[in-house]
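Peer 1: work-v7.cif is the file, holding mmCIF, N, CA and C atoms:
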```cif
data_structure
#
loop_
_atom_site.group_PDB
_atom_site.id
_atom_site.type_symbol
_atom_site.label_atom_id
_atom_site.label_comp_id
_atom_site.auth_asym_id
_atom_site.auth_seq_id
_atom_site.Cartn_x
_atom_site.Cartn_y
_atom_site.Cartn_z
ATOM 1 N N GLY I 1 62.016 14.556 72.158
ATOM 2 C CA GLY I 1 61.382 13.291 72.370
ATOM 3 C C GLY I 1 62.234 12.124 71.903
ATOM 4 N N ASP I 2 62.823 12.236 70.700
ATOM 5 C CA ASP I 2 63.633 11.130 70.189
ATOM 6 C C ASP I 2 64.863 10.889 71.050
ATOM 7 N N LEU I 3 65.481 11.965 71.524
ATOM 8 C CA LEU I 3 66.650 11.822 72.381
ATOM 9 C C LEU I 3 66.278 11.110 73.678
ATOM 10 N N MET I 4 65.163 11.478 74.265
ATOM 11 C CA MET I 4 64.742 10.845 75.522
ATOM 12 C C MET I 4 64.407 9.372 75.298
ATOM 13 N N LEU I 5 63.788 9.060 74.183
ATOM 14 C CA LEU I 5 63.467 7.672 73.868
ATOM 15 C C LEU I 5 64.748 6.863 73.663
ATOM 16 N N THR I 6 65.705 7.438 72.970
ATOM 17 C CA THR I 6 66.992 6.771 72.763
ATOM 18 C C THR I 6 67.675 6.502 74.097
ATOM 19 N N LEU I 7 67.669 7.476 74.970
ATOM 20 C CA LEU I 7 68.281 7.295 76.294
ATOM 21 C C LEU I 7 67.557 6.227 77.103
ATOM 22 N N ALA I 8 66.238 6.171 77.004
ATOM 23 C CA ALA I 8 65.469 5.153 77.726
ATOM 24 C C ALA I 8 65.795 3.755 77.214
ATOM 25 N N VAL I 9 65.913 3.618 75.899
ATOM 26 C CA VAL I 9 66.263 2.317 75.314
ATOM 27 C C VAL I 9 67.661 1.909 75.750
ATOM 28 N N GLU I 10 68.614 2.810 75.659
ATOM 29 C CA GLU I 10 69.989 2.509 76.079
ATOM 30 C C GLU I 10 70.045 2.134 77.560
ATOM 31 N N ALA I 11 69.354 2.884 78.387
ATOM 32 C CA ALA I 11 69.348 2.604 79.823
ATOM 33 C C ALA I 11 68.728 1.240 80.103
ATOM 34 N N THR I 12 67.674 0.898 79.385
ATOM 35 C CA THR I 12 67.013 -0.390 79.578
ATOM 36 C C THR I 12 67.947 -1.541 79.203
ATOM 37 N N ILE I 13 68.612 -1.413 78.088
ATOM 38 C CA ILE I 13 69.525 -2.481 77.655
ATOM 39 C C ILE I 13 70.701 -2.608 78.612
ATOM 40 N N HIS I 14 71.238 -1.492 79.064
ATOM 41 C CA HIS I 14 72.348 -1.557 80.015
ATOM 42 C C HIS I 14 71.888 -2.102 81.365
ATOM 43 N N HIS I 15 70.659 -1.815 81.746
ATOM 44 C CA HIS I 15 70.093 -2.395 82.969
ATOM 45 C C HIS I 15 70.060 -3.916 82.833
ATOM 46 N N LEU I 16 69.622 -4.411 81.682
ATOM 47 C CA LEU I 16 69.621 -5.857 81.448
ATOM 48 C C LEU I 16 71.032 -6.422 81.510
ATOM 49 N N ASP I 17 72.006 -5.699 80.964
ATOM 50 C CA ASP I 17 73.407 -6.139 81.037
ATOM 51 C C ASP I 17 73.863 -6.273 82.488
ATOM 52 N N LEU I 18 73.544 -5.267 83.279
ATOM 53 C CA LEU I 18 74.012 -5.241 84.669
ATOM 54 C C LEU I 18 73.361 -6.309 85.538
ATOM 55 N N THR I 19 72.162 -6.724 85.181
ATOM 56 C CA THR I 19 71.448 -7.690 86.015
ATOM 57 C C THR I 19 71.388 -9.084 85.401
ATOM 58 N N ALA I 20 72.090 -9.319 84.314
ATOM 59 C CA ALA I 20 72.026 -10.604 83.611
ATOM 60 C C ALA I 20 72.368 -11.783 84.515
ATOM 61 N N HIS I 21 73.269 -11.600 85.423
ATOM 62 C CA HIS I 21 73.711 -12.700 86.302
ATOM 63 C C HIS I 21 73.281 -12.477 87.743
ATOM 64 N N LEU I 22 72.274 -11.646 87.924
ATOM 65 C CA LEU I 22 71.735 -11.354 89.252
ATOM 66 C C LEU I 22 70.232 -11.625 89.237
ATOM 67 N N PRO I 23 69.835 -12.888 89.332
ATOM 68 C CA PRO I 23 68.413 -13.216 89.177
ATOM 69 C C PRO I 23 67.485 -12.560 90.197
ATOM 70 N N ALA I 24 67.997 -12.170 91.346
ATOM 71 C CA ALA I 24 67.147 -11.529 92.362
ATOM 72 C C ALA I 24 67.025 -10.018 92.155
ATOM 73 N N ALA I 25 67.829 -9.464 91.255
ATOM 74 C CA ALA I 25 67.795 -8.016 91.030
ATOM 75 C C ALA I 25 66.524 -7.643 90.269
ATOM 76 N N PRO I 26 65.969 -6.481 90.586
ATOM 77 C CA PRO I 26 64.775 -6.048 89.846
ATOM 78 C C PRO I 26 65.128 -5.753 88.387
ATOM 79 N N GLY I 27 64.199 -6.054 87.526
ATOM 80 C CA GLY I 27 64.405 -5.806 86.100
ATOM 81 C C GLY I 27 64.118 -4.368 85.744
ATOM 82 N N PRO I 28 64.321 -4.033 84.479
ATOM 83 C CA PRO I 28 64.037 -2.680 84.022
ATOM 84 C C PRO I 28 62.538 -2.387 84.075
ATOM 85 N N ALA I 29 62.211 -1.131 84.014
ATOM 86 C CA ALA I 29 60.811 -0.699 84.032
ATOM 87 C C ALA I 29 60.077 -1.237 82.806
ATOM 88 N N PRO I 30 58.834 -1.650 82.983
ATOM 89 C CA PRO I 30 58.045 -2.117 81.830
ATOM 90 C C PRO I 30 57.973 -1.085 80.701
ATOM 91 N N SER I 31 57.904 0.181 81.041
ATOM 92 C CA SER I 31 57.849 1.209 79.999
ATOM 93 C C SER I 31 59.145 1.254 79.189
ATOM 94 N N GLY I 32 60.274 1.014 79.833
ATOM 95 C CA GLY I 32 61.549 0.952 79.120
ATOM 96 C C GLY I 32 61.612 -0.244 78.192
ATOM 97 N N LEU I 33 61.083 -1.382 78.658
ATOM 98 C CA LEU I 33 61.052 -2.575 77.816
ATOM 99 C C LEU I 33 60.116 -2.392 76.626
ATOM 100 N N THR I 34 59.004 -1.715 76.846
ATOM 101 C CA THR I 34 58.069 -1.442 75.749
ATOM 102 C C THR I 34 58.733 -0.543 74.702
ATOM 103 N N ALA I 35 59.434 0.477 75.169
ATOM 104 C CA ALA I 35 60.141 1.381 74.246
ATOM 105 C C ALA I 35 61.238 0.635 73.493
ATOM 106 N N THR I 36 61.919 -0.268 74.179
ATOM 107 C CA THR I 36 62.983 -1.047 73.553
ATOM 108 C C THR I 36 62.410 -1.960 72.476
ATOM 109 N N ARG I 37 61.311 -2.643 72.782
ATOM 110 C CA ARG I 37 60.660 -3.511 71.787
ATOM 111 C C ARG I 37 60.247 -2.690 70.564
ATOM 112 N N ALA I 38 59.671 -1.529 70.781
ATOM 113 C CA ALA I 38 59.240 -0.681 69.666
ATOM 114 C C ALA I 38 60.432 -0.253 68.810
ATOM 115 N N ALA I 39 61.544 0.100 69.454
ATOM 116 C CA ALA I 39 62.735 0.517 68.713
ATOM 117 C C ALA I 39 63.304 -0.649 67.907
ATOM 118 N N LEU I 40 63.362 -1.833 68.512
ATOM 119 C CA LEU I 40 63.894 -2.997 67.803
ATOM 120 C C LEU I 40 62.984 -3.403 66.649
ATOM 121 N N ASP I 41 61.672 -3.388 66.877
ATOM 122 C CA ASP I 41 60.734 -3.673 65.790
ATOM 123 C C ASP I 41 60.901 -2.663 64.658
ATOM 124 N N GLY I 42 61.135 -1.407 65.010
ATOM 125 C CA GLY I 42 61.364 -0.384 63.993
ATOM 126 C C GLY I 42 62.604 -0.663 63.174
ATOM 127 N N LEU I 43 63.672 -1.083 63.844
ATOM 128 C CA LEU I 43 64.903 -1.412 63.127
ATOM 129 C C LEU I 43 64.725 -2.654 62.257
ATOM 130 N N LEU I 44 63.937 -3.608 62.752
ATOM 131 C CA LEU I 44 63.676 -4.826 61.983
ATOM 132 C C LEU I 44 62.739 -4.545 60.813
ATOM 133 N N GLY I 45 61.877 -3.539 60.975
ATOM 134 C CA GLY I 45 60.942 -3.178 59.926
ATOM 135 C C GLY I 45 59.562 -3.785 60.109
ATOM 136 N N ARG I 46 59.383 -4.518 61.201
ATOM 137 C CA ARG I 46 58.109 -5.155 61.524
ATOM 138 C C ARG I 46 58.235 -5.776 62.904
ATOM 139 N N PRO I 47 57.119 -6.165 63.506
ATOM 140 C CA PRO I 47 57.224 -6.860 64.792
ATOM 141 C C PRO I 47 57.996 -8.176 64.623
ATOM 142 N N VAL I 48 58.802 -8.497 65.580
ATOM 143 C CA VAL I 48 59.590 -9.727 65.509
ATOM 144 C C VAL I 48 58.630 -10.916 65.398
ATOM 145 N N PRO I 49 58.901 -11.866 64.488
ATOM 146 C CA PRO I 49 57.952 -12.951 64.234
ATOM 147 C C PRO I 49 58.092 -14.159 65.167
ATOM 148 N N VAL I 50 58.695 -13.979 66.305
ATOM 149 C CA VAL I 50 58.810 -15.064 67.283
ATOM 150 C C VAL I 50 58.250 -14.586 68.611
ATOM 151 N N ASP I 51 57.813 -15.519 69.427
ATOM 152 C CA ASP I 51 57.190 -15.190 70.698
ATOM 153 C C ASP I 51 58.261 -15.073 71.785
ATOM 154 N N TRP I 52 58.900 -13.913 71.835
ATOM 155 C CA TRP I 52 59.939 -13.648 72.828
ATOM 156 C C TRP I 52 59.413 -12.692 73.888
ATOM 157 N N SER I 53 59.894 -12.871 75.112
ATOM 158 C CA SER I 53 59.638 -11.861 76.138
ATOM 159 C C SER I 53 60.387 -10.595 75.731
ATOM 160 N N ASP I 54 59.986 -9.475 76.296
ATOM 161 C CA ASP I 54 60.695 -8.224 76.009
ATOM 162 C C ASP I 54 62.169 -8.330 76.378
ATOM 163 N N GLU I 55 62.448 -8.960 77.513
ATOM 164 C CA GLU I 55 63.829 -9.084 77.963
ATOM 165 C C GLU I 55 64.661 -9.914 76.992
ATOM 166 N N HIS I 56 64.124 -11.058 76.578
ATOM 167 C CA HIS I 56 64.881 -11.918 75.657
ATOM 168 C C HIS I 56 65.061 -11.232 74.304
ATOM 169 N N TYR I 57 64.024 -10.570 73.841
ATOM 170 C CA TYR I 57 64.120 -9.847 72.568
ATOM 171 C C TYR I 57 65.240 -8.818 72.642
ATOM 172 N N ALA I 58 65.281 -8.049 73.718
ATOM 173 C CA ALA I 58 66.327 -7.036 73.860
ATOM 174 C C ALA I 58 67.711 -7.675 73.878
ATOM 175 N N ARG I 59 67.851 -8.761 74.608
ATOM 176 C CA ARG I 59 69.166 -9.426 74.688
ATOM 177 C C ARG I 59 69.554 -10.070 73.356
ATOM 178 N N ALA I 60 68.625 -10.765 72.734
ATOM 179 C CA ALA I 60 68.936 -11.462 71.479
ATOM 180 C C ALA I 60 69.165 -10.483 70.332
ATOM 181 N N ALA I 61 68.312 -9.475 70.208
ATOM 182 C CA ALA I 61 68.397 -8.548 69.084
ATOM 183 C C ALA I 61 69.587 -7.610 69.167
ATOM 184 N N THR I 62 70.216 -7.532 70.339
ATOM 185 C CA THR I 62 71.411 -6.705 70.478
ATOM 186 C C THR I 62 72.679 -7.551 70.626
ATOM 187 N N GLY I 63 72.548 -8.859 70.423
ATOM 188 C CA GLY I 63 73.713 -9.735 70.440
ATOM 189 C C GLY I 63 74.195 -10.128 71.821
ATOM 190 N N ARG I 64 73.405 -9.849 72.856
ATOM 191 C CA ARG I 64 73.816 -10.217 74.211
ATOM 192 C C ARG I 64 73.718 -11.723 74.439
ATOM 193 N N VAL I 65 72.790 -12.376 73.747
ATOM 194 C CA VAL I 65 72.684 -13.838 73.783
ATOM 195 C C VAL I 65 72.610 -14.320 72.340
ATOM 196 N N PRO I 66 73.238 -15.460 72.058
ATOM 197 C CA PRO I 66 73.194 -15.963 70.689
ATOM 198 C C PRO I 66 71.819 -16.536 70.352
ATOM 199 N N LEU I 67 71.481 -16.483 69.094
ATOM 200 C CA LEU I 67 70.243 -17.083 68.627
ATOM 201 C C LEU I 67 70.410 -18.602 68.589
ATOM 202 N N THR I 68 69.369 -19.302 68.982
ATOM 203 C CA THR I 68 69.383 -20.755 68.883
ATOM 204 C C THR I 68 69.081 -21.155 67.445
ATOM 205 N N ARG I 69 69.285 -22.403 67.143
ATOM 206 C CA ARG I 69 68.982 -22.911 65.804
ATOM 207 C C ARG I 69 67.488 -22.719 65.490
ATOM 208 N N ASP I 70 66.627 -23.007 66.472
ATOM 209 C CA ASP I 70 65.182 -22.838 66.265
ATOM 210 C C ASP I 70 64.811 -21.369 66.053
ATOM 211 N N GLU I 71 65.463 -20.471 66.810
ATOM 212 C CA GLU I 71 65.190 -19.037 66.637
ATOM 213 C C GLU I 71 65.636 -18.575 65.253
ATOM 214 N N ARG I 72 66.786 -19.054 64.809
ATOM 215 C CA ARG I 72 67.268 -18.692 63.472
ATOM 216 C C ARG I 72 66.295 -19.166 62.403
ATOM 217 N N ARG I 73 65.796 -20.373 62.574
ATOM 218 C CA ARG I 73 64.845 -20.923 61.618
ATOM 219 C C ARG I 73 63.563 -20.082 61.609
ATOM 220 N N ALA I 74 63.060 -19.723 62.791
ATOM 221 C CA ALA I 74 61.831 -18.938 62.897
ATOM 222 C C ALA I 74 62.002 -17.528 62.315
ATOM 223 N N LEU I 75 63.178 -16.956 62.484
ATOM 224 C CA LEU I 75 63.437 -15.604 61.974
ATOM 225 C C LEU I 75 63.699 -15.584 60.476
ATOM 226 N N GLY I 76 64.134 -16.706 59.930
ATOM 227 C CA GLY I 76 64.447 -16.754 58.502
ATOM 228 C C GLY I 76 65.565 -15.780 58.161
ATOM 229 N N PRO I 77 65.434 -15.057 57.050
ATOM 230 C CA PRO I 77 66.490 -14.134 56.621
ATOM 231 C C PRO I 77 66.784 -13.016 57.629
ATOM 232 N N ASP I 78 65.795 -12.696 58.469
ATOM 233 C CA ASP I 78 66.023 -11.647 59.468
ATOM 234 C C ASP I 78 67.087 -12.042 60.484
ATOM 235 N N ALA I 79 67.342 -13.337 60.651
ATOM 236 C CA ALA I 79 68.357 -13.784 61.622
ATOM 237 C C ALA I 79 69.728 -13.213 61.268
ATOM 238 N N ASP I 80 70.000 -13.060 59.983
ATOM 239 C CA ASP I 80 71.299 -12.537 59.557
ATOM 240 C C ASP I 80 71.446 -11.043 59.840
ATOM 241 N N ARG I 81 70.366 -10.379 60.182
ATOM 242 C CA ARG I 81 70.415 -8.949 60.497
ATOM 243 C C ARG I 81 70.695 -8.693 61.968
ATOM 244 N N ILE I 82 70.657 -9.738 62.773
ATOM 245 C CA ILE I 82 70.857 -9.591 64.214
ATOM 246 C C ILE I 82 72.332 -9.749 64.513
ATOM 247 N N PRO I 83 72.944 -8.900 65.289
ATOM 248 C CA PRO I 83 72.316 -7.896 66.134
ATOM 249 C C PRO I 83 71.860 -6.671 65.339
ATOM 250 N N LEU I 84 70.685 -6.157 65.752
ATOM 251 C CA LEU I 84 70.150 -4.958 65.113
ATOM 252 C C LEU I 84 70.960 -3.732 65.503
ATOM 253 N N PHE I 85 71.446 -3.716 66.727
ATOM 254 C CA PHE I 85 72.455 -2.757 67.166
ATOM 255 C C PHE I 85 73.130 -3.349 68.387
ATOM 256 N N ALA I 86 74.341 -2.933 68.633
ATOM 257 C CA ALA I 86 75.120 -3.541 69.726
ATOM 258 C C ALA I 86 75.271 -2.590 70.886
#
```
Could I get this file's structure written as structure tokens?
Peer 2:
Amino acid sequence: GDLMLTLAVEATIHHLDLTAHLPAAPGPAPSGLTATRAALDGLLGRPVPVDWSDEHYARAATGRVPLTRDERRALGPDADRIPLFA
């Protein structure tokens, strides 16, 4: 189970990488995004304290997009832990 979940998270993040500049391309499966959010929250140690979409959370928490000043402020000390994994 853990191996399959890890593969689903990796596939979801790589799907986001591949479609980042293709706005008409279909996004990853909602179940993959849900698994990714759960994995990132687990690494953070709690649900992320900002109102991010699953896609933005995956991109920001893995260093695909930089955190804005407002996001850093909202995250507080947790901002220094990002990326949670690359």
Peer 1: Report as a PDB file with N, CA and C atoms, in the coordinates of the input: the residues of chain I with a DSSP assignment of alpha helix (DSSP H), based on the backbone of this structure.
Peer 2:
```pdb
ATOM      1  N   ASP I   2      62.823  12.236  70.700  1.00  0.00           N
ATOM      2  CA  ASP I   2      63.633  11.130  70.189  1.00  0.00           C
ATOM      3  C   ASP I   2      64.863  10.889  71.050  1.00  0.00           C
ATOM      4  N   LEU I   3      65.481  11.965  71.524  1.00  0.00           N
ATOM      5  CA  LEU I   3      66.650  11.822  72.381  1.00  0.00           C
ATOM      6  C   LEU I   3      66.278  11.110  73.678  1.00  0.00           C
ATOM      7  N   MET I   4      65.163  11.478  74.265  1.00  0.00           N
ATOM      8  CA  MET I   4      64.742  10.845  75.522  1.00  0.00           C
ATOM      9  C   MET I   4      64.407   9.372  75.298  1.00  0.00           C
ATOM     10  N   LEU I   5      63.788   9.060  74.183  1.00  0.00           N
ATOM     11  CA  LEU I   5      63.467   7.672  73.868  1.00  0.00           C
ATOM     12  C   LEU I   5      64.748   6.863  73.663  1.00  0.00           C
ATOM     13  N   THR I   6      65.705   7.438  72.970  1.00  0.00           N
ATOM     14  CA  THR I   6      66.992   6.771  72.763  1.00  0.00           C
ATOM     15  C   THR I   6      67.675   6.502  74.097  1.00  0.00           C
ATOM     16  N   LEU I   7      67.669   7.476  74.970  1.00  0.00           N
ATOM     17  CA  LEU I   7      68.281   7.295  76.294  1.00  0.00           C
ATOM     18  C   LEU I   7      67.557   6.227  77.103  1.00  0.00           C
ATOM     19  N   ALA I   8      66.238   6.171  77.004  1.00  0.00           N
ATOM     20  CA  ALA I   8      65.469   5.153  77.726  1.00  0.00           C
ATOM     21  C   ALA I   8      65.795   3.755  77.214  1.00  0.00           C
ATOM     22  N   VAL I   9      65.913   3.618  75.899  1.00  0.00           N
ATOM     23  CA  VAL I   9      66.263   2.317  75.314  1.00  0.00           C
ATOM     24  C   VAL I   9      67.661   1.909  75.750  1.00  0.00           C
ATOM     25  N   GLU I  10      68.614   2.810  75.659  1.00  0.00           N
ATOM     26  CA  GLU I  10      69.989   2.509  76.079  1.00  0.00           C
ATOM     27  C   GLU I  10      70.045   2.134  77.560  1.00  0.00           C
ATOM     28  N   ALA I  11      69.354   2.884  78.387  1.00  0.00           N
ATOM     29  CA  ALA I  11      69.348   2.604  79.823  1.00  0.00           C
ATOM     30  C   ALA I  11      68.728   1.240  80.103  1.00  0.00           C
ATOM     31  N   THR I  12      67.674   0.898  79.385  1.00  0.00           N
ATOM     32  CA  THR I  12      67.013  -0.390  79.578  1.00  0.00           C
ATOM     33  C   THR I  12      67.947  -1.541  79.203  1.00  0.00           C
ATOM     34  N   ILE I  13      68.612  -1.413  78.088  1.00  0.00           N
ATOM     35  CA  ILE I  13      69.525  -2.481  77.655  1.00  0.00           C
ATOM     36  C   ILE I  13      70.701  -2.608  78.612  1.00  0.00           C
ATOM     37  N   HIS I  14      71.238  -1.492  79.064  1.00  0.00           N
ATOM     38  CA  HIS I  14      72.348  -1.557  80.015  1.00  0.00           C
ATOM     39  C   HIS I  14      71.888  -2.102  81.365  1.00  0.00           C
ATOM     40  N   HIS I  15      70.659  -1.815  81.746  1.00  0.00           N
ATOM     41  CA  HIS I  15      70.093  -2.395  82.969  1.00  0.00           C
ATOM     42  C   HIS I  15      70.060  -3.916  82.833  1.00  0.00           C
ATOM     43  N   LEU I  16      69.622  -4.411  81.682  1.00  0.00           N
ATOM     44  CA  LEU I  16      69.621  -5.857  81.448  1.00  0.00           C
ATOM     45  C   LEU I  16      71.032  -6.422  81.510  1.00  0.00           C
ATOM     46  N   ASP I  17      72.006  -5.699  80.964  1.00  0.00           N
ATOM     47  CA  ASP I  17      73.407  -6.139  81.037  1.00  0.00           C
ATOM     48  C   ASP I  17      73.863  -6.273  82.488  1.00  0.00           C
ATOM     49  N   LEU I  18      73.544  -5.267  83.279  1.00  0.00           N
ATOM     50  CA  LEU I  18      74.012  -5.241  84.669  1.00  0.00           C
ATOM     51  C   LEU I  18      73.361  -6.309  85.538  1.00  0.00           C
ATOM     52  N   THR I  19      72.162  -6.724  85.181  1.00  0.00           N
ATOM     53  CA  THR I  19      71.448  -7.690  86.015  1.00  0.00           C
ATOM     54  C   THR I  19      71.388  -9.084  85.401  1.00  0.00           C
ATOM     55  N   PRO I  30      58.834  -1.650  82.983  1.00  0.00           N
ATOM     56  CA  PRO I  30      58.045  -2.117  81.830  1.00  0.00           C
ATOM     57  C   PRO I  30      57.973  -1.085  80.701  1.00  0.00           C
ATOM     58  N   SER I  31      57.904   0.181  81.041  1.00  0.00           N
ATOM     59  CA  SER I  31      57.849   1.209  79.999  1.00  0.00           C
ATOM     60  C   SER I  31      59.145   1.254  79.189  1.00  0.00           C
ATOM     61  N   GLY I  32      60.274   1.014  79.833  1.00  0.00           N
ATOM     62  CA  GLY I  32      61.549   0.952  79.120  1.00  0.00           C
ATOM     63  C   GLY I  32      61.612  -0.244  78.192  1.00  0.00           C
ATOM     64  N   LEU I  33      61.083  -1.382  78.658  1.00  0.00           N
ATOM     65  CA  LEU I  33      61.052  -2.575  77.816  1.00  0.00           C
ATOM     66  C   LEU I  33      60.116  -2.392  76.626  1.00  0.00           C
ATOM     67  N   THR I  34      59.004  -1.715  76.846  1.00  0.00           N
ATOM     68  CA  THR I  34      58.069  -1.442  75.749  1.00  0.00           C
ATOM     69  C   THR I  34      58.733  -0.543  74.702  1.00  0.00           C
ATOM     70  N   ALA I  35      59.434   0.477  75.169  1.00  0.00           N
ATOM     71  CA  ALA I  35      60.141   1.381  74.246  1.00  0.00           C
ATOM     72  C   ALA I  35      61.238   0.635  73.493  1.00  0.00           C
ATOM     73  N   THR I  36      61.919  -0.268  74.179  1.00  0.00           N
ATOM     74  CA  THR I  36      62.983  -1.047  73.553  1.00  0.00           C
ATOM     75  C   THR I  36      62.410  -1.960  72.476  1.00  0.00           C
ATOM     76  N   ARG I  37      61.311  -2.643  72.782  1.00  0.00           N
ATOM     77  CA  ARG I  37      60.660  -3.511  71.787  1.00  0.00           C
ATOM     78  C   ARG I  37      60.247  -2.690  70.564  1.00  0.00           C
ATOM     79  N   ALA I  38      59.671  -1.529  70.781  1.00  0.00           N
ATOM     80  CA  ALA I  38      59.240  -0.681  69.666  1.00  0.00           C
ATOM     81  C   ALA I  38      60.432  -0.253  68.810  1.00  0.00           C
ATOM     82  N   ALA I  39      61.544   0.100  69.454  1.00  0.00           N
ATOM     83  CA  ALA I  39      62.735   0.517  68.713  1.00  0.00           C
ATOM     84  C   ALA I  39      63.304  -0.649  67.907  1.00  0.00           C
ATOM     85  N   LEU I  40      63.362  -1.833  68.512  1.00  0.00           N
ATOM     86  CA  LEU I  40      63.894  -2.997  67.803  1.00  0.00           C
ATOM     87  C   LEU I  40      62.984  -3.403  66.649  1.00  0.00           C
ATOM     88  N   ASP I  41      61.672  -3.388  66.877  1.00  0.00           N
ATOM     89  CA  ASP I  41      60.734  -3.673  65.790  1.00  0.00           C
ATOM     90  C   ASP I  41      60.901  -2.663  64.658  1.00  0.00           C
ATOM     91  N   GLY I  42      61.135  -1.407  65.010  1.00  0.00           N
ATOM     92  CA  GLY I  42      61.364  -0.384  63.993  1.00  0.00           C
ATOM     93  C   GLY I  42      62.604  -0.663  63.174  1.00  0.00           C
ATOM     94  N   LEU I  43      63.672  -1.083  63.844  1.00  0.00           N
ATOM     95  CA  LEU I  43      64.903  -1.412  63.127  1.00  0.00           C
ATOM     96  C   LEU I  43      64.725  -2.654  62.257  1.00  0.00           C
ATOM     97  N   LEU I  44      63.937  -3.608  62.752  1.00  0.00           N
ATOM     98  CA  LEU I  44      63.676  -4.826  61.983  1.00  0.00           C
ATOM     99  C   LEU I  44      62.739  -4.545  60.813  1.00  0.00           C
ATOM    100  N   ASP I  54      59.986  -9.475  76.296  1.00  0.00           N
ATOM    101  CA  ASP I  54      60.695  -8.224  76.009  1.00  0.00           C
ATOM    102  C   ASP I  54      62.169  -8.330  76.378  1.00  0.00           C
ATOM    103  N   GLU I  55      62.448  -8.960  77.513  1.00  0.00           N
ATOM    104  CA  GLU I  55      63.829  -9.084  77.963  1.00  0.00           C
ATOM    105  C   GLU I  55      64.661  -9.914  76.992  1.00  0.00           C
ATOM    106  N   HIS I  56      64.124 -11.058  76.578  1.00  0.00           N
ATOM    107  CA  HIS I  56      64.881 -11.918  75.657  1.00  0.00           C
ATOM    108  C   HIS I  56      65.061 -11.232  74.304  1.00  0.00           C
ATOM    109  N   TYR I  57      64.024 -10.570  73.841  1.00  0.00           N
ATOM    110  CA  TYR I  57      64.120  -9.847  72.568  1.00  0.00           C
ATOM    111  C   TYR I  57      65.240  -8.818  72.642  1.00  0.00           C
ATOM    112  N   ALA I  58      65.281  -8.049  73.718  1.00  0.00           N
ATOM    113  CA  ALA I  58      66.327  -7.036  73.860  1.00  0.00           C
ATOM    114  C   ALA I  58      67.711  -7.675  73.878  1.00  0.00           C
ATOM    115  N   ARG I  59      67.851  -8.761  74.608  1.00  0.00           N
ATOM    116  CA  ARG I  59      69.166  -9.426  74.688  1.00  0.00           C
ATOM    117  C   ARG I  59      69.554 -10.070  73.356  1.00  0.00           C
ATOM    118  N   ALA I  60      68.625 -10.765  72.734  1.00  0.00           N
ATOM    119  CA  ALA I  60      68.936 -11.462  71.479  1.00  0.00           C
ATOM    120  C   ALA I  60      69.165 -10.483  70.332  1.00  0.00           C
ATOM    121  N   ALA I  61      68.312  -9.475  70.208  1.00  0.00           N
ATOM    122  CA  ALA I  61      68.397  -8.548  69.084  1.00  0.00           C
ATOM    123  C   ALA I  61      69.587  -7.610  69.167  1.00  0.00           C
ATOM    124  N   ARG I  69      69.285 -22.403  67.143  1.00  0.00           N
ATOM    125  CA  ARG I  69      68.982 -22.911  65.804  1.00  0.00           C
ATOM    126  C   ARG I  69      67.488 -22.719  65.490  1.00  0.00           C
ATOM    127  N   ASP I  70      66.627 -23.007  66.472  1.00  0.00           N
ATOM    128  CA  ASP I  70      65.182 -22.838  66.265  1.00  0.00           C
ATOM    129  C   ASP I  70      64.811 -21.369  66.053  1.00  0.00           C
ATOM    130  N   GLU I  71      65.463 -20.471  66.810  1.00  0.00           N
ATOM    131  CA  GLU I  71      65.190 -19.037  66.637  1.00  0.00           C
ATOM    132  C   GLU I  71      65.636 -18.575  65.253  1.00  0.00           C
ATOM    133  N   ARG I  72      66.786 -19.054  64.809  1.00  0.00           N
ATOM    134  CA  ARG I  72      67.268 -18.692  63.472  1.00  0.00           C
ATOM    135  C   ARG I  72      66.295 -19.166  62.403  1.00  0.00           C
ATOM    136  N   ARG I  73      65.796 -20.373  62.574  1.00  0.00           N
ATOM    137  CA  ARG I  73      64.845 -20.923  61.618  1.00  0.00           C
ATOM    138  C   ARG I  73      63.563 -20.082  61.609  1.00  0.00           C
ATOM    139  N   ALA I  74      63.060 -19.723  62.791  1.00  0.00           N
ATOM    140  CA  ALA I  74      61.831 -18.938  62.897  1.00  0.00           C
ATOM    141  C   ALA I  74      62.002 -17.528  62.315  1.00  0.00           C
ATOM    142  N   LEU I  75      63.178 -16.956  62.484  1.00  0.00           N
ATOM    143  CA  LEU I  75      63.437 -15.604  61.974  1.00  0.00           C
ATOM    144  C   LEU I  75      63.699 -15.584  60.476  1.00  0.00           C
TER     145      LEU I  75
END
```
Peer 1: Since I can't run it myself right now, could you work out what the PyMOL selection byres (((chain I and resi 62-64 and name CA) around 9) and name CA) selects here and report it as a list in words?
Peer 2: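 After applying the PyMOL selection byres (((chain I and resi 62-64 and name CA) around 9) and name CA), what remains is Ile13, Asp17, Leu40, Tyr57, Ala58, Arg59, Ala60, Ala61, Val65, Pro66, Leu67, Ile82, Pro83, Leu84, Phe85 and Ala86 of chain I.
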Peer 1: Out of I:Ala11, I:Ala38, I:Ala20, I:Leu44, which residue has the shortest atom-to-atom distance to I:Asp78 when counting all atoms listed in the file?
Peer 2: I:Leu44
Peer 1: Quick one: what's the axis-aligned box for stretch 72-82 of chain I, all listed atoms, 3 Å on every side, centre and edges in Å to one decimal, as AutoDock Vina command-line options?
Peer 2:
```
--center_x 67.1 --center_y -14.8 --center_z 60.7 --size_x 16.5 --size_y 18.2 --size_z 14.2
```
Peer 1: Just say which residues the PyMOL selection byres ((chain I and resi 36) around 8) picks in this file, as a PyMOL selection string.
Peer 2: chain I and resi 5+8-10+12-13+30-35+37-42+54+57-58
Peer 1: Please, what distance in Å, to one decimal, runs between atom CA of I:Asp51 and atom CA of I:Pro77?
Peer 2: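 Value for the atom CA of I:Asp51-atom CA of I:Pro77 distance: 16.9 Å.
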Peer 1: Using Å and a single decimal, report how far atom C of I:Glu55 sits from atom CA of I:Leu22.
Peer 2: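 Those two atoms sit 14.2 Å apart.
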Peer 1: Take atom CA of I:Thr68 and atom CA of I:Arg81 and report the distance between them in Å, one decimal.
Peer 2: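 Answer for the atom CA of I:Thr68 to atom CA of I:Arg81 separation: 14.5 Å.
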Peer 1: What's the 8 Å shell around I:Val50, counting all atoms listed in the file, without same-chain residues fewer than 5 positions away, as a count of residues only?
Peer 2: 3
